[in-house]
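Take a look at the structure set out below.
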Amino acid sequence: MSTYCYVYTSVSKHKWSDDELKNLLNKSRHKNASYNISGMLHYLDPFFIQILEGEEQLVNELFNTIKQDPRHFKVSLIYKKPIEERSFADWSMGFNVVNKEKIADIKGFSDFLENPPAQPSPIHHEIVRLLTMFKNETLF
Ligand SMILES: Cc1cc2nc3c(=O)[nH]c(=O)nc-3n(C[C@H](O)[C@H](O)[C@H](O)COP(=O)(O)O)c2cc1C
């Protein structure tokens, strides 16, 4: 049994309201916690980038479910590697809207890029690099 990190990007079919995002996060947190999947979802309208960490088969199953979700398209897996330790162990699903003022009070809101953890995991730098490219829209 090995732990994997998946990172994918996708394009939303519509602009998500705060309520829709909250709803998605609540459901995702519940389900991810039950599968011991952790991670982070970033939304920069219209783009998503999500990091999923957990047991390989469970992450793969969840990714396949997410991939078929009709609310987004162009789902591209850009990173898939076994990991020794998790970068988001505390988050069943952290969340960040790059335009963050509006929903900064949502539980799980993260300043991951601005405030790196005290003890970054080995792949922290790789994830920061991908997130920075995402933020600057150079991933697409
Ligand atoms: C961008 C995006 C990210 C998502 N992330 C998750 C997630 O981390 N966990 C989750 O359970 N569902 C997530 N979903 C929702 C799933 O696609 C799916 O609707 C959900 O898992 C419920 O599926 P089920 O009713 O078949 O169990 C996400 C959907 C989108 C559009």
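Labels for the structure tokens follow display order: chains A, B, ..., residues from 1 in each chain, ligands from 1.
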
DSSP on the backbone: which residues in chain A end up as strand (DSSP E or B)? Give the answer as a PyMOL selection string.
chain A and resi 3-12+38-44+47-55+72-82+94-97+109

Closest-contact table, chain A side, partner ligand 1, 8 Å, counting only C-alpha atoms and all ligand atoms, as JSON lines:
```
{"residue": "A:Ser10", "atom": "CA", "partner": "ligand 1", "partner_atom_place_in_ligand_line": "1 (C)", "distance": 7.1}
{"residue": "A:Ser12", "atom": "CA", "partner": "ligand 1", "partner_atom_place_in_ligand_line": "31 (C)", "distance": 7.3}
{"residue": "A:Leu24", "atom": "CA", "partner": "ligand 1", "partner_atom_place_in_ligand_line": "14 (N)", "distance": 6.4}
{"residue": "A:Leu25", "atom": "CA", "partner": "ligand 1", "partner_atom_place_in_ligand_line": "6 (C)", "distance": 7.4}
{"residue": "A:Lys27", "atom": "CA", "partner": "ligand 1", "partner_atom_place_in_ligand_line": "11 (O)", "distance": 6.2}
{"residue": "A:Ser28", "atom": "CA", "partner": "ligand 1", "partner_atom_place_in_ligand_line": "9 (N)", "distance": 3.7}
{"residue": "A:Arg29", "atom": "CA", "partner": "ligand 1", "partner_atom_place_in_ligand_line": "9 (N)", "distance": 6.5}
{"residue": "A:His30", "atom": "CA", "partner": "ligand 1", "partner_atom_place_in_ligand_line": "11 (O)", "distance": 7.3}
{"residue": "A:Lys31", "atom": "CA", "partner": "ligand 1", "partner_atom_place_in_ligand_line": "11 (O)", "distance": 4.8}
{"residue": "A:Asn32", "atom": "CA", "partner": "ligand 1", "partner_atom_place_in_ligand_line": "9 (N)", "distance": 5.5}
{"residue": "A:Gly39", "atom": "CA", "partner": "ligand 1", "partner_atom_place_in_ligand_line": "8 (O)", "distance": 7.4}
{"residue": "A:Met40", "atom": "CA", "partner": "ligand 1", "partner_atom_place_in_ligand_line": "8 (O)", "distance": 7.9}
{"residue": "A:Leu41", "atom": "CA", "partner": "ligand 1", "partner_atom_place_in_ligand_line": "3 (C)", "distance": 6.9}
{"residue": "A:Phe48", "atom": "CA", "partner": "ligand 1", "partner_atom_place_in_ligand_line": "1 (C)", "distance": 5.8}
{"residue": "A:Ile49", "atom": "CA", "partner": "ligand 1", "partner_atom_place_in_ligand_line": "1 (C)", "distance": 7.5}
{"residue": "A:Gln50", "atom": "CA", "partner": "ligand 1", "partner_atom_place_in_ligand_line": "3 (C)", "distance": 6.9}
{"residue": "A:Leu52", "atom": "CA", "partner": "ligand 1", "partner_atom_place_in_ligand_line": "8 (O)", "distance": 7.1}
{"residue": "A:Leu62", "atom": "CA", "partner": "ligand 1", "partner_atom_place_in_ligand_line": "10 (C)", "distance": 6.7}
{"residue": "A:Thr65", "atom": "CA", "partner": "ligand 1", "partner_atom_place_in_ligand_line": "17 (O)", "distance": 5.3}
{"residue": "A:Ile66", "atom": "CA", "partner": "ligand 1", "partner_atom_place_in_ligand_line": "17 (O)", "distance": 3.5}
{"residue": "A:Lys67", "atom": "CA", "partner": "ligand 1", "partner_atom_place_in_ligand_line": "17 (O)", "distance": 6.7}
{"residue": "A:Gln68", "atom": "CA", "partner": "ligand 1", "partner_atom_place_in_ligand_line": "17 (O)", "distance": 6.7}
{"residue": "A:Asp69", "atom": "CA", "partner": "ligand 1", "partner_atom_place_in_ligand_line": "17 (O)", "distance": 4.5}
{"residue": "A:Pro70", "atom": "CA", "partner": "ligand 1", "partner_atom_place_in_ligand_line": "31 (C)", "distance": 7.3}
{"residue": "A:Arg71", "atom": "CA", "partner": "ligand 1", "partner_atom_place_in_ligand_line": "31 (C)", "distance": 5.2}
{"residue": "A:His72", "atom": "CA", "partner": "ligand 1", "partner_atom_place_in_ligand_line": "31 (C)", "distance": 5.4}
{"residue": "A:Ser92", "atom": "CA", "partner": "ligand 1", "partner_atom_place_in_ligand_line": "8 (O)", "distance": 7.9}
{"residue": "A:Met93", "atom": "CA", "partner": "ligand 1", "partner_atom_place_in_ligand_line": "8 (O)", "distance": 6.2}
```

Hey, what's within 12 Å of Leu139 in chain A if we count only C-alpha atoms and toss same-chain stuff fewer than 2 positions away? As a list in words, please?
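Everything that qualifies: Tyr8, Thr9, Ser10, Val11, Phe47, Phe48, Ile49, Ser76, Leu77, Ile78, Arg129, Leu130, Leu131, Thr132, Met133, Phe134, Lys135, Asn136 and Glu137 of chain A.
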
Could you write out, as an NGL selection string, all the residues of range 17-133 of chain A that DSSP marks as alpha helix (DSSP H)?
:A and (18-34 or 56-67 or 124-133)

Those selected residues, please, written with N, CA and C atoms and delivered as a short mmCIF file (atom, residue, chain, number, x, y, z; two decimals), in the first residue's frame.
```cif
data_model
loop_
_atom_site.label_atom_id
_atom_site.label_comp_id
_atom_site.auth_asym_id
_atom_site.auth_seq_id
_atom_site.Cartn_x
_atom_site.Cartn_y
_atom_site.Cartn_z
N ASP A 18 -20.15 31.50 -3.98
CA ASP A 18 -19.61 31.11 -2.68
C ASP A 18 -20.37 29.91 -2.12
N ASP A 19 -21.71 29.92 -2.30
CA ASP A 19 -22.52 28.81 -1.77
C ASP A 19 -22.18 27.49 -2.44
N GLU A 20 -22.01 27.54 -3.75
CA GLU A 20 -21.66 26.30 -4.47
C GLU A 20 -20.32 25.76 -4.00
N LEU A 21 -19.36 26.68 -3.82
CA LEU A 21 -18.03 26.25 -3.37
C LEU A 21 -18.10 25.67 -1.96
N LYS A 22 -18.88 26.32 -1.10
CA LYS A 22 -19.02 25.82 0.28
C LYS A 22 -19.62 24.42 0.28
N ASN A 23 -20.65 24.27 -0.56
CA ASN A 23 -21.31 22.98 -0.69
C ASN A 23 -20.34 21.89 -1.14
N LEU A 24 -19.59 22.20 -2.18
CA LEU A 24 -18.61 21.24 -2.71
C LEU A 24 -17.59 20.89 -1.63
N LEU A 25 -17.13 21.89 -0.91
CA LEU A 25 -16.10 21.65 0.11
C LEU A 25 -16.64 20.80 1.25
N ASN A 26 -17.87 21.11 1.68
CA ASN A 26 -18.44 20.32 2.78
C ASN A 26 -18.55 18.85 2.41
N LYS A 27 -19.09 18.61 1.20
CA LYS A 27 -19.24 17.21 0.75
C LYS A 27 -17.88 16.55 0.59
N SER A 28 -16.94 17.30 -0.03
CA SER A 28 -15.62 16.72 -0.30
C SER A 28 -14.90 16.39 1.00
N ARG A 29 -15.01 17.29 1.96
CA ARG A 29 -14.30 17.05 3.23
C ARG A 29 -14.80 15.80 3.91
N HIS A 30 -16.11 15.65 3.86
CA HIS A 30 -16.72 14.49 4.51
C HIS A 30 -16.22 13.20 3.86
N LYS A 31 -16.34 13.17 2.54
CA LYS A 31 -15.96 11.95 1.81
C LYS A 31 -14.44 11.72 1.89
N ASN A 32 -13.66 12.77 1.71
CA ASN A 32 -12.21 12.60 1.74
C ASN A 32 -11.74 12.10 3.10
N ALA A 33 -12.35 12.66 4.16
CA ALA A 33 -11.95 12.22 5.51
C ALA A 33 -12.22 10.73 5.67
N SER A 34 -13.35 10.26 5.12
CA SER A 34 -13.68 8.85 5.30
C SER A 34 -12.73 7.94 4.50
N GLU A 56 -3.00 4.90 -2.86
CA GLU A 56 -3.02 4.99 -4.32
C GLU A 56 -4.38 4.66 -4.96
N GLN A 57 -4.94 3.52 -4.55
CA GLN A 57 -6.18 3.09 -5.19
C GLN A 57 -7.34 4.05 -4.88
N LEU A 58 -7.37 4.54 -3.64
CA LEU A 58 -8.46 5.44 -3.25
C LEU A 58 -8.34 6.79 -3.97
N VAL A 59 -7.10 7.28 -4.08
CA VAL A 59 -6.90 8.56 -4.78
C VAL A 59 -7.27 8.39 -6.25
N ASN A 60 -6.89 7.26 -6.81
CA ASN A 60 -7.19 7.01 -8.22
C ASN A 60 -8.70 6.94 -8.46
N GLU A 61 -9.40 6.25 -7.54
CA GLU A 61 -10.86 6.16 -7.66
C GLU A 61 -11.51 7.54 -7.55
N LEU A 62 -11.05 8.32 -6.56
CA LEU A 62 -11.64 9.65 -6.39
C LEU A 62 -11.33 10.52 -7.61
N PHE A 63 -10.11 10.42 -8.10
CA PHE A 63 -9.76 11.22 -9.28
C PHE A 63 -10.66 10.87 -10.45
N ASN A 64 -10.93 9.57 -10.64
CA ASN A 64 -11.79 9.15 -11.75
C ASN A 64 -13.22 9.67 -11.58
N THR A 65 -13.68 9.74 -10.33
CA THR A 65 -15.02 10.31 -10.07
C THR A 65 -15.02 11.80 -10.40
N ILE A 66 -14.00 12.49 -9.89
CA ILE A 66 -13.93 13.95 -10.09
C ILE A 66 -13.83 14.27 -11.59
N LYS A 67 -13.04 13.43 -12.28
CA LYS A 67 -12.81 13.64 -13.72
C LYS A 67 -14.12 13.64 -14.50
N HIS A 124 7.13 19.77 -1.25
CA HIS A 124 6.54 21.09 -1.06
C HIS A 124 6.95 22.05 -2.18
N HIS A 125 8.24 22.05 -2.51
CA HIS A 125 8.73 23.00 -3.51
C HIS A 125 8.12 22.74 -4.88
N GLU A 126 7.94 21.45 -5.18
CA GLU A 126 7.32 21.09 -6.47
C GLU A 126 5.88 21.59 -6.53
N ILE A 127 5.17 21.41 -5.42
CA ILE A 127 3.78 21.85 -5.37
C ILE A 127 3.70 23.38 -5.46
N VAL A 128 4.60 24.05 -4.75
CA VAL A 128 4.61 25.52 -4.80
C VAL A 128 4.87 25.98 -6.24
N ARG A 129 5.76 25.27 -6.90
CA ARG A 129 6.08 25.65 -8.29
C ARG A 129 4.83 25.51 -9.18
N LEU A 130 4.11 24.40 -9.02
CA LEU A 130 2.90 24.19 -9.82
C LEU A 130 1.83 25.22 -9.47
N LEU A 131 1.68 25.49 -8.16
CA LEU A 131 0.65 26.45 -7.75
C LEU A 131 0.98 27.85 -8.24
N THR A 132 2.27 28.17 -8.26
CA THR A 132 2.67 29.50 -8.73
C THR A 132 2.39 29.63 -10.22
N MET A 133 2.68 28.55 -10.96
CA MET A 133 2.38 28.58 -12.40
C MET A 133 0.89 28.70 -12.62
#
```

With only C-alpha atoms as the basis for distance, which of A:Ile51, A:Asp90, A:Val7, A:Lys80 is at the shortest distance from Asn36 in chain A?
A:Asp90
